[in-house]
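J.: First the structure, which I've put down as structure tokens, then a few questions once you've had a look.
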Amino acid sequence: MRKKKLTAGELLFQIMIYTLFGLFTLSCIYPFYYLFINTISSNDLSAAGYIKFYPRQIHFDNYSKVLRISGLGHAATVSVYRTVVGTLLTVGSSAFLGYLFTKKEMWGRSIWYRSVVVTMYFSAGLIPWYITMHNLHLTNNYLAYILPTIITPFNIILVKTFVEAIPPSLEESASMDGAGYMRVFWSIIVPLTTPILATITIFSAVNQWNSFIDTAFLMTETKYFTLQFLLWRYLNESSSLAALIRNSPDMAASVANMQTPTSVRMTVTMIVVLPILIVYPFFQRFFVKGIMIGAVKG
Amino acid sequence: MGVPAGELLPSVDPVHRSRWKMKNKHKLFFMAFPFLVVTFIFYYLPISGWIYAFYDFIPGIPLSDTPYVGLKWFKTIVSNPTQTAEVLRVLKNTLAMSSLGLITSIFPVIFAIMLTEIKSGWYRKLVQTLTTIPNFISWILVYALAFSLFSVDNGVITHILVQLGVVDEGYNFLASSSNIWVTMIVWYWWKSLGWGAILYLAAIAGIDQELYEAVEVDGASRFRKIWHITIPGLIPTFFVLLLLSIGNLVNNGMEQYFAFQNAMNKDSIEVLDLYVYNIAFANNFPFATAVSMLKSVVSVILLFAANTLSKMVRDESII
């Protein structure tokens with residue numbers, strides 16, 4: 001890089017944008033950091049507001065206690081289950097349907113494609129949706145977490161545009177060699193669309209993990225509750241939280257580190273957010289690339 | 001790979017190929033059929049539920065046993081003064097927050113332009129990585145973070161602001177109704193700014209570098225380059241996104257407001273989607289359905305208006 005002399009104005013501009021971005025970046029990560037240092041610090045100091053920048057009297061009691069709260073482990077299983085199964089099915093069907101929609105010879109293709117895409121722009125509304133789900137017996141049913149996400153129009157558009165950019169000769173030569181649509185899909189389309197499929201995987205997994213409204217509406221039995229839903233309840237119902245703490249085993253063990261409603265809330269929040277924070281750095285470059293491909297192709 | 005694909009093509013007999021395609025016309029449809037059924041069930045079937053808006057439906061009693069009331073529930077919106085006032089209040093909240101969103105939709109553009117002005121590569125990457133994190137957590141988690149930072153008893157920010165004398169002891173940010181529109185938009189941008197900028201960063205990366213070199217020869221300053229090349233390069237992307245958000249003027253979604261609502265701020269935070277949820281929760285199913293019907297109709301009209309506008313202005317349709 002050649003060095004040019006900066007004018008005073010430009011130097012000021014550089015300092016300004018470095019500071020602004022620094023502050024905004026800090027504001028984006030400090031809340032997570034703050035929660036973390038508070039959950040591992042002495043609950044007394046934390047409750048008194050002493051823990052602001054670094055942890056003090058580090059302990060992991062909060063995590064071991066909160067993880068033993070009845071229902072939380074099960075909720076975690078439900079969350080993991082819906083994330084894994086839901087994501088696999090969403091990605092699989094987005095890939096397959098997106099590929100099928102590139103086939104001009106399909107009977108009524110443009111009508112079907114449009115009827116899938118326009119669902120991005122309208123919804124019947126909450127009550128009609130709820131009544132439909134109820135009539136289909138999808139209330140208090142694990143399938144309610146998985147079936148509705150199978151068709152996500154945006155994903156299908158992404159796959160379709162991506163497949164259309166693949167040279168058609170590849171597919172044609174394979175079909176001349178006797179490969180059917182399924183064979184072409186598995187041996188040509190899937191390997192070639194991996195970048196976009198990876199992007200969809202991340203989006204869909206994050207959506208599933210974060211999903212919360214469907215539990216709030218459709219599930220009344222505790223065994224269907226997800227982590228997000230429990231967290232929301234803990235945030236809003238201080239009485240239920242107090243009961244949880246009272247009922248949790250070996251309460252008397254460490255009086256110094258007595259769990260407070262706040263510490264339980266913070267710890268549950270941390271448990272819900274950790275999977276995303278851990279997975280995030282590995283995939284960040286990937287989905288940024290994926291969305292950029294989508295953006296450029298438009 | 002063996003034989004290159006291209007060499008096989010000339011030998012393909014066109015008659016054979018078209019017959020092959022004919023044979024597969026229905027086969028392809030049947031392969032897509034299960035997915036089309038799922039689409040129908042979860043997106044189109046619920047529309048049949050609009051019928052509930054025309055009955056005095058009470059949950060638990062079959063529709064056949066409930067009286068048909070025609071447009072009664074639609075009329076209450078205009079004929080019942082308290083109801084009208086309610087709907088107007090909610091509409092005001094909805095439009096206020098949507099308009100704030102529209103006005104500030106310039107933020108990601110500014111973010112992207114300024115970020116590309118940063119010279120140090122690692123700093124740019126760090127900023128980009130860390131500012132996209134909030135996009136991937138749910139609104140419930142955002143609220144949980146807000147709760148631990150801003151709550152009256154032990155929120156760290158509240159503590160600091162009290163010490164600085166900015167607010168009184170016991171000022172409750174989360175339960176205050178004043179400024180809630182602004183607070184909501186700030187949280188919204190906190191969550192989505194970094195992510196929203198990615199599209200514009202992609203657009204900036206797509207701008208022909210020769211343009212910059214050309215004006216550099218002419219002695220253009222940094223600001224002139226932004227003004228004459230970068231901004232015009234971003235305008236198409238910006239307009240498409242802006243027009244799409246016009247279609248969503250009455251659809252603010254509800255997760256954010258649902259997470260942040262409480263008894264104290266309800267009056268100013270209730271947007272249409274949340275309002276529908278709240279009246280449905282009070283078991284007024286027909287009225288809730290009527291309101292969401294009107295909402296859907298309005299957003300479809302807005303979408304088509306935006307589409308027509310896009311055709312007129314940019315000669316390009318968005319749907």
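Labels for the structure tokens follow display order: chains A, B, ..., residues from 1 in each chain, ligands from 1.
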Just the residues within 6 Å of Ile58 (chain A), please, counting only C-alpha atoms, with nothing from its chain fewer than 2 positions along; format it as a ChimeraX atom specification.
T.: /A:40-41,56
J.: Got time to write the residues from that selection, all heavy atoms, as a PDB file, in the first residue's frame?
T.:
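Wrote again11.pdb, looks like this:
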ATOM      1  N   ILE A  40     -21.228 -15.982  36.339  1.00  0.00           N
ATOM      2  CA  ILE A  40     -20.136 -16.740  36.959  1.00  0.00           C
ATOM      3  C   ILE A  40     -19.548 -16.024  38.178  1.00  0.00           C
ATOM      4  O   ILE A  40     -18.624 -16.518  38.802  1.00  0.00           O
ATOM      5  CB  ILE A  40     -19.012 -17.076  35.952  1.00  0.00           C
ATOM      6  CG1 ILE A  40     -18.381 -15.807  35.403  1.00  0.00           C
ATOM      7  CG2 ILE A  40     -19.526 -17.958  34.835  1.00  0.00           C
ATOM      8  CD1 ILE A  40     -17.079 -16.073  34.663  1.00  0.00           C
ATOM      9  N   SER A  41     -20.100 -14.856  38.514  1.00  0.00           N
ATOM     10  CA  SER A  41     -19.594 -14.153  39.693  1.00  0.00           C
ATOM     11  C   SER A  41     -20.453 -14.471  40.908  1.00  0.00           C
ATOM     12  O   SER A  41     -21.537 -15.036  40.772  1.00  0.00           O
ATOM     13  CB  SER A  41     -19.607 -12.645  39.456  1.00  0.00           C
ATOM     14  OG  SER A  41     -18.750 -12.325  38.402  1.00  0.00           O
ATOM     15  N   ARG A  56     -16.000 -11.515  39.415  1.00  0.00           N
ATOM     16  CA  ARG A  56     -15.352 -11.611  40.719  1.00  0.00           C
ATOM     17  C   ARG A  56     -15.885 -12.829  41.474  1.00  0.00           C
ATOM     18  O   ARG A  56     -17.058 -13.140  41.386  1.00  0.00           O
ATOM     19  CB  ARG A  56     -15.614 -10.332  41.525  1.00  0.00           C
ATOM     20  CG  ARG A  56     -14.737  -9.184  41.010  1.00  0.00           C
ATOM     21  CD  ARG A  56     -14.496  -8.163  42.073  1.00  0.00           C
ATOM     22  NE  ARG A  56     -15.552  -7.158  42.086  1.00  0.00           N
ATOM     23  CZ  ARG A  56     -15.568  -6.145  42.947  1.00  0.00           C
ATOM     24  NH1 ARG A  56     -14.626  -6.022  43.859  1.00  0.00           N
ATOM     25  NH2 ARG A  56     -16.526  -5.257  42.906  1.00  0.00           N
TER      26      ARG A  56
END
J.: At a cut-off of 6 Å, list the chain A residues touching chain B, using only C-alpha atoms, as a VMD selection string.
T.: chain A and resid 25 28 49 105 to 107 124 to 125 127 to 129 132 170 173 210 292
J.: Write the selection just made, keeping N, CA, C and O atoms, as a PDB file, in the first residue's frame?
T.:
ATOM      1  N   THR A  25     -19.909  -1.536  18.011  1.00  0.00           N
ATOM      2  CA  THR A  25     -19.495  -2.925  18.186  1.00  0.00           C
ATOM      3  C   THR A  25     -19.528  -3.318  19.660  1.00  0.00           C
ATOM      4  O   THR A  25     -20.022  -4.382  20.024  1.00  0.00           O
ATOM      5  N   CYS A  28     -22.852  -3.988  20.862  1.00  0.00           N
ATOM      6  CA  CYS A  28     -23.405  -5.248  20.376  1.00  0.00           C
ATOM      7  C   CYS A  28     -22.932  -6.441  21.196  1.00  0.00           C
ATOM      8  O   CYS A  28     -23.627  -7.443  21.286  1.00  0.00           O
ATOM      9  N   GLY A  49     -24.886  -5.109  42.124  1.00  0.00           N
ATOM     10  CA  GLY A  49     -24.488  -4.313  40.965  1.00  0.00           C
ATOM     11  C   GLY A  49     -23.002  -4.041  40.864  1.00  0.00           C
ATOM     12  O   GLY A  49     -22.583  -3.093  40.214  1.00  0.00           O
ATOM     13  N   GLU A 105     -40.246 -28.223 -18.052  1.00  0.00           N
ATOM     14  CA  GLU A 105     -41.222 -29.175 -18.600  1.00  0.00           C
ATOM     15  C   GLU A 105     -42.256 -29.604 -17.553  1.00  0.00           C
ATOM     16  O   GLU A 105     -43.160 -30.355 -17.871  1.00  0.00           O
ATOM     17  N   MET A 106     -42.134 -29.119 -16.312  1.00  0.00           N
ATOM     18  CA  MET A 106     -43.120 -29.521 -15.301  1.00  0.00           C
ATOM     19  C   MET A 106     -44.506 -28.983 -15.642  1.00  0.00           C
ATOM     20  O   MET A 106     -44.659 -27.850 -16.074  1.00  0.00           O
ATOM     21  N   TRP A 107     -45.522 -29.839 -15.433  1.00  0.00           N
ATOM     22  CA  TRP A 107     -46.894 -29.437 -15.728  1.00  0.00           C
ATOM     23  C   TRP A 107     -47.321 -28.296 -14.791  1.00  0.00           C
ATOM     24  O   TRP A 107     -47.287 -28.443 -13.575  1.00  0.00           O
ATOM     25  N   ALA A 124     -53.093 -15.359   6.552  1.00  0.00           N
ATOM     26  CA  ALA A 124     -54.518 -15.356   6.844  1.00  0.00           C
ATOM     27  C   ALA A 124     -54.804 -14.628   8.141  1.00  0.00           C
ATOM     28  O   ALA A 124     -55.912 -14.170   8.361  1.00  0.00           O
ATOM     29  N   GLY A 125     -53.816 -14.523   8.993  1.00  0.00           N
ATOM     30  CA  GLY A 125     -54.031 -13.896  10.289  1.00  0.00           C
ATOM     31  C   GLY A 125     -53.946 -14.930  11.391  1.00  0.00           C
ATOM     32  O   GLY A 125     -54.019 -16.127  11.161  1.00  0.00           O
ATOM     33  N   ILE A 127     -55.853 -15.795  14.130  1.00  0.00           N
ATOM     34  CA  ILE A 127     -56.952 -16.677  14.538  1.00  0.00           C
ATOM     35  C   ILE A 127     -57.229 -17.760  13.503  1.00  0.00           C
ATOM     36  O   ILE A 127     -57.261 -18.947  13.852  1.00  0.00           O
ATOM     37  N   PRO A 128     -57.385 -17.385  12.205  1.00  0.00           N
ATOM     38  CA  PRO A 128     -57.579 -18.433  11.201  1.00  0.00           C
ATOM     39  C   PRO A 128     -56.444 -19.456  11.215  1.00  0.00           C
ATOM     40  O   PRO A 128     -56.676 -20.657  11.109  1.00  0.00           O
ATOM     41  N   TRP A 129     -55.240 -18.970  11.392  1.00  0.00           N
ATOM     42  CA  TRP A 129     -54.090 -19.881  11.452  1.00  0.00           C
ATOM     43  C   TRP A 129     -54.214 -20.802  12.661  1.00  0.00           C
ATOM     44  O   TRP A 129     -54.056 -22.019  12.562  1.00  0.00           O
ATOM     45  N   THR A 132     -56.947 -23.382  12.140  1.00  0.00           N
ATOM     46  CA  THR A 132     -56.498 -24.422  11.214  1.00  0.00           C
ATOM     47  C   THR A 132     -55.568 -25.404  11.911  1.00  0.00           C
ATOM     48  O   THR A 132     -55.730 -26.624  11.795  1.00  0.00           O
ATOM     49  N   LEU A 170     -24.519 -29.899 -18.017  1.00  0.00           N
ATOM     50  CA  LEU A 170     -24.143 -30.878 -17.001  1.00  0.00           C
ATOM     51  C   LEU A 170     -25.275 -31.857 -16.744  1.00  0.00           C
ATOM     52  O   LEU A 170     -25.100 -33.067 -16.728  1.00  0.00           O
ATOM     53  N   SER A 173     -26.302 -34.011 -19.987  1.00  0.00           N
ATOM     54  CA  SER A 173     -25.433 -35.141 -20.293  1.00  0.00           C
ATOM     55  C   SER A 173     -25.711 -36.284 -19.331  1.00  0.00           C
ATOM     56  O   SER A 173     -25.726 -37.450 -19.726  1.00  0.00           O
ATOM     57  N   ASN A 210     -34.642 -20.181  17.683  1.00  0.00           N
ATOM     58  CA  ASN A 210     -35.202 -18.953  18.238  1.00  0.00           C
ATOM     59  C   ASN A 210     -36.720 -18.940  18.289  1.00  0.00           C
ATOM     60  O   ASN A 210     -37.304 -18.069  18.915  1.00  0.00           O
ATOM     61  N   MET A 292     -24.449 -12.884   0.077  1.00  0.00           N
ATOM     62  CA  MET A 292     -23.902 -12.014  -0.970  1.00  0.00           C
ATOM     63  C   MET A 292     -24.165 -12.605  -2.350  1.00  0.00           C
ATOM     64  O   MET A 292     -24.508 -11.891  -3.277  1.00  0.00           O
TER      65      MET A 292
END
J.: Can you list, as a PyMOL selection string, all residues belonging to region 43-125 of chain A that DSSP tags as alpha helix (DSSP H)?
T.: chain A and resi 43-47+61-67+72-100+109-117
J.: Residues near region 145-160 of chain A, anyone? I mean within 7 Å using only C-alpha atoms, not counting same-chain ones fewer than 6 positions away, as an NGL selection string.
T.: (:A and (82 or 86 or 89-90 or 93-95 or 97-99 or 101-102 or 116-117 or 120 or 196 or 200 or 294)) or (:B and (39 or 42))
J.: In Å, rounded to a single decimal, give me how far CA of Gly170 (chain B) is from CA of Ser46 (chain A).
T.: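 Computing it gives 18.3 Å between the two atoms.
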J.: Excluding Ile185 (chain B) and any residue of its chain fewer than 5 positions from it, enumerate the residues within 12 Å of it, using only C-alpha atoms, and give them as a CSV table (one decimal) with C-alpha atoms, in the first residue's frame.
T.:
chain,number,residue,atom,x,y,z
B,96,ALA,CA,-45.5,5.6,13.7
B,97,MET,CA,-43.2,2.7,14.2
B,98,SER,CA,-43.3,1.6,10.5
B,99,SER,CA,-42.6,5.2,9.4
B,100,LEU,CA,-39.7,5.5,11.8
B,101,GLY,CA,-38.4,2.2,10.3
B,102,LEU,CA,-38.8,3.6,6.8
B,103,ILE,CA,-37.1,6.9,7.6
B,104,THR,CA,-34.2,5.2,9.3
B,105,SER,CA,-33.8,2.5,6.6
B,107,PHE,CA,-28.9,3.6,8.3
B,179,ASN,CA,-40.4,7.3,24.1
B,180,ILE,CA,-41.4,3.7,23.5
B,190,TRP,CA,-29.3,-2.6,17.5
B,191,LYS,CA,-30.4,-6.1,16.3
B,192,SER,CA,-30.5,-5.7,12.6
B,193,LEU,CA,-28.1,-2.9,11.5
B,252,ASN,CA,-44.6,-4.9,11.9
B,256,GLN,CA,-40.5,-7.7,19.3
B,257,TYR,CA,-43.5,-5.9,20.7
B,269,ILE,CA,-46.5,-0.4,22.0
J.: CA of His59 (chain A) to CA of Thr39 (chain A): how many Å, to one decimal?
T.: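 Between CA of His59 (chain A) and CA of Thr39 (chain A) the gap is 8.4 Å.
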J.: For each of A:Phe203, A:Tyr224, A:Trp209, A:Tyr181, take the minimum atom-to-atom distance to Leu138 (chain A), counting only C-alpha atoms, then give the residue where this is smallest.
T.: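 Ranking A:Phe203, A:Tyr224, A:Trp209, A:Tyr181 by distance to Leu138 (chain A), first place goes to A:Tyr224.
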J.: Return the single residue from A:Leu197, A:Leu126, A:Ile213, A:Leu35 that is closest to Leu274 (chain A), with distances computed using only C-alpha atoms.
T.: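 The closest residue to Leu274 (chain A) is A:Leu35.
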J.: Name the residues in contact with Phe238 (chain B) at a cut-off of 9 Å, using only C-alpha atoms, excluding same-chain residues fewer than 3 positions from it; report them as a list in words.
T.: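 The contact residues come out as Ser105, Ile106, Val109, Tyr200, Leu234, Ile235, Leu241, Leu242 and Leu243 of chain B.
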J.: For N, CA and C atoms, I'd like the residues from the last selection saved as a PDB file, in the first residue's frame.
T.:
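And here's out.pdb as it stands now:
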ATOM      1  N   SER B 105     -34.365   3.622   7.363  1.00  0.00           N
ATOM      2  CA  SER B 105     -33.828   2.523   6.559  1.00  0.00           C
ATOM      3  C   SER B 105     -32.583   2.956   5.781  1.00  0.00           C
ATOM      4  N   ILE B 106     -32.215   4.223   5.914  1.00  0.00           N
ATOM      5  CA  ILE B 106     -30.984   4.725   5.317  1.00  0.00           C
ATOM      6  C   ILE B 106     -29.762   4.292   6.155  1.00  0.00           C
ATOM      7  N   VAL B 109     -27.263   1.750   4.851  1.00  0.00           N
ATOM      8  CA  VAL B 109     -26.491   2.291   3.726  1.00  0.00           C
ATOM      9  C   VAL B 109     -25.299   3.079   4.269  1.00  0.00           C
ATOM     10  N   TYR B 200     -25.674  -4.166   1.367  1.00  0.00           N
ATOM     11  CA  TYR B 200     -25.065  -2.983   0.764  1.00  0.00           C
ATOM     12  C   TYR B 200     -23.557  -3.164   0.592  1.00  0.00           C
ATOM     13  N   LEU B 234     -25.620   2.312  -5.014  1.00  0.00           N
ATOM     14  CA  LEU B 234     -26.433   1.634  -4.006  1.00  0.00           C
ATOM     15  C   LEU B 234     -27.924   1.922  -4.152  1.00  0.00           C
ATOM     16  N   ILE B 235     -28.243   2.972  -4.902  1.00  0.00           N
ATOM     17  CA  ILE B 235     -29.643   3.397  -4.968  1.00  0.00           C
ATOM     18  C   ILE B 235     -30.600   2.285  -5.448  1.00  0.00           C
ATOM     19  N   LEU B 241     -35.522  -2.504  -1.598  1.00  0.00           N
ATOM     20  CA  LEU B 241     -35.819  -2.818  -0.201  1.00  0.00           C
ATOM     21  C   LEU B 241     -36.849  -1.858   0.374  1.00  0.00           C
ATOM     22  N   LEU B 242     -36.759  -0.588  -0.017  1.00  0.00           N
ATOM     23  CA  LEU B 242     -37.699   0.407   0.489  1.00  0.00           C
ATOM     24  C   LEU B 242     -39.117   0.087   0.017  1.00  0.00           C
ATOM     25  N   LEU B 243     -39.242  -0.249  -1.269  1.00  0.00           N
ATOM     26  CA  LEU B 243     -40.567  -0.549  -1.800  1.00  0.00           C
ATOM     27  C   LEU B 243     -41.146  -1.794  -1.148  1.00  0.00           C
TER      28      LEU B 243
END
J.: Any idea what the distance is between CA of Val163 (chain A) and CA of Gly108 (chain A)?
T.: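 If I compute the distance from CA of Val163 (chain A) to CA of Gly108 (chain A), I get 19.3 Å.
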